[in-house]
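Trainee: Sharing a structure with you now.
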Amino acid sequence: ALNRIQQEYRRRGVTVLAINIYPEAGLAYWQEYWLSVGGGEVTYAQDTRREAVQALQVRTPGSTVVLDRGGREVWRDNAATDYATLKMAVEKALL
């Protein structure tokens with residue numbers, strides 16, 4: 001779903017950022033894993049100091065957080081999110 005959102009909304013300024021929250025797993029490992037589960041081409045980041053985890057208050061791996069253009073949270077899920085739900089959240093963020 002995240003890959004599909006990235007492809008469909010890229011021209012509208014949407015960026016899907018896949019953040020690796022496990023410092024022991026390097027960024028290359030994270031990219032390989034992401035692609036192996038069908039994650040597709042998105043932007044990858046490594047949160048070695050857990051700054052993103054703290055700033056976004058991520059409690060579980062696999063969390064999805066949708067931010068609007070001002071950086072405000074408009075939606076959150078603590079598990080894999082289906083396409084229809086994710087699309088609704090992205091549309092809300094773009095209002």
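Identifiers in this document derive from the order of the structure tokens: chains are assigned A, B, ..., residues are numbered from 1 separately in each chain, and ligands are numbered from 1 in order of occurrence.
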Per DSSP on the backbone, filter chain A down to the residues in helix (DSSP H, G or I) and report them as a PyMOL selection string.
Mentor: chain A and resi 2-12+27-36+51-55+83-93
Trainee: Considering only C-alpha atoms, return as a list in words whatever protein or nucleic-acid residues lie within 7 Å of stretch 64-81 of chain A, sequence-local ones (same chain, fewer than 3 positions apart) excluded.
Mentor: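 Once the nearby chain positions are removed, what remains is Thr60, Thr85, Leu86, Ala89, Val90, Ala93 and Leu94 of chain A.
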Trainee: What lies within 6 Å of stretch 14-27 of chain A using only C-alpha atoms, ignoring chain neighbours under 6 positions off, as a list in words?
Mentor: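 That gives Gln6, Val42, Thr43, Tyr44, Ala45, Gln46, Asp47 and Thr48 of chain A.
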Trainee: For the structure I just gave you, how does DSSP split chain A - specifically, which residues are strand (DSSP E or B)? Reply as a PDB file with C-alpha atoms, in the first residue's frame.
Mentor:
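Now in result04.pdb:
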ATOM      1  CA  LEU A  17       9.664   7.535   4.277  1.00  0.00           C
ATOM      2  CA  ALA A  18      10.534   4.044   5.549  1.00  0.00           C
ATOM      3  CA  ILE A  19      12.508   4.490   8.753  1.00  0.00           C
ATOM      4  CA  ASN A  20      14.599   1.658  10.164  1.00  0.00           C
ATOM      5  CA  THR A  43      12.781   6.988   0.650  1.00  0.00           C
ATOM      6  CA  TYR A  44      14.768   5.116   3.293  1.00  0.00           C
ATOM      7  CA  ALA A  45      16.203   6.437   6.549  1.00  0.00           C
ATOM      8  CA  GLN A  46      18.076   5.027   9.527  1.00  0.00           C
ATOM      9  CA  THR A  64       2.396   4.210   9.910  1.00  0.00           C
ATOM     10  CA  VAL A  65       2.197   7.928  10.618  1.00  0.00           C
ATOM     11  CA  VAL A  66       0.737  10.386   8.094  1.00  0.00           C
ATOM     12  CA  LEU A  67       1.748  14.023   8.456  1.00  0.00           C
ATOM     13  CA  GLU A  73      -0.070  14.239  12.465  1.00  0.00           C
ATOM     14  CA  VAL A  74      -3.378  13.526  10.739  1.00  0.00           C
ATOM     15  CA  TRP A  75      -3.461   9.760  11.072  1.00  0.00           C
ATOM     16  CA  ARG A  76      -1.664   6.854  12.772  1.00  0.00           C
ATOM     17  CA  ASP A  77      -1.786   3.064  12.704  1.00  0.00           C
TER      18      ASP A  77
END
Trainee: Measure the distance from atom CA of A:Tyr33 to atom CA of A:Ala55 in Å and round it to one decimal.
Mentor: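 Value for the atom CA of A:Tyr33-atom CA of A:Ala55 distance: 24.2 Å.
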Trainee: Mind giving me the straight-line distance from atom CA of A:Gly38 to atom CA of A:Ala1 in Å, one decimal?
Mentor: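 Taking atom CA of A:Gly38 and atom CA of A:Ala1, their separation equals 9.3 Å.
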Trainee: From the set A:Val53, A:Tyr29, A:Val37, A:Arg4, which residue has the shortest atom-to-atom contact distance to A:Asp82, counting only C-alpha atoms?
Mentor: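 Looking at the shortest contact to A:Asp82, the residue is A:Arg4.
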Trainee: Grab the atom CA of A:Gln31 to atom CA of A:Pro61 distance for me, in Å with one decimal place.
Mentor: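 Going from atom CA of A:Gln31 over to atom CA of A:Pro61, I get 15.3 Å.
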Trainee: Tell me which of A:Gly39, A:Arg12, A:Ala28, A:Ser63 sits closest to A:Leu95, counting only C-alpha atoms.
Mentor: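 Comparing A:Gly39, A:Arg12, A:Ala28, A:Ser63 against A:Leu95, the winner is A:Arg12.
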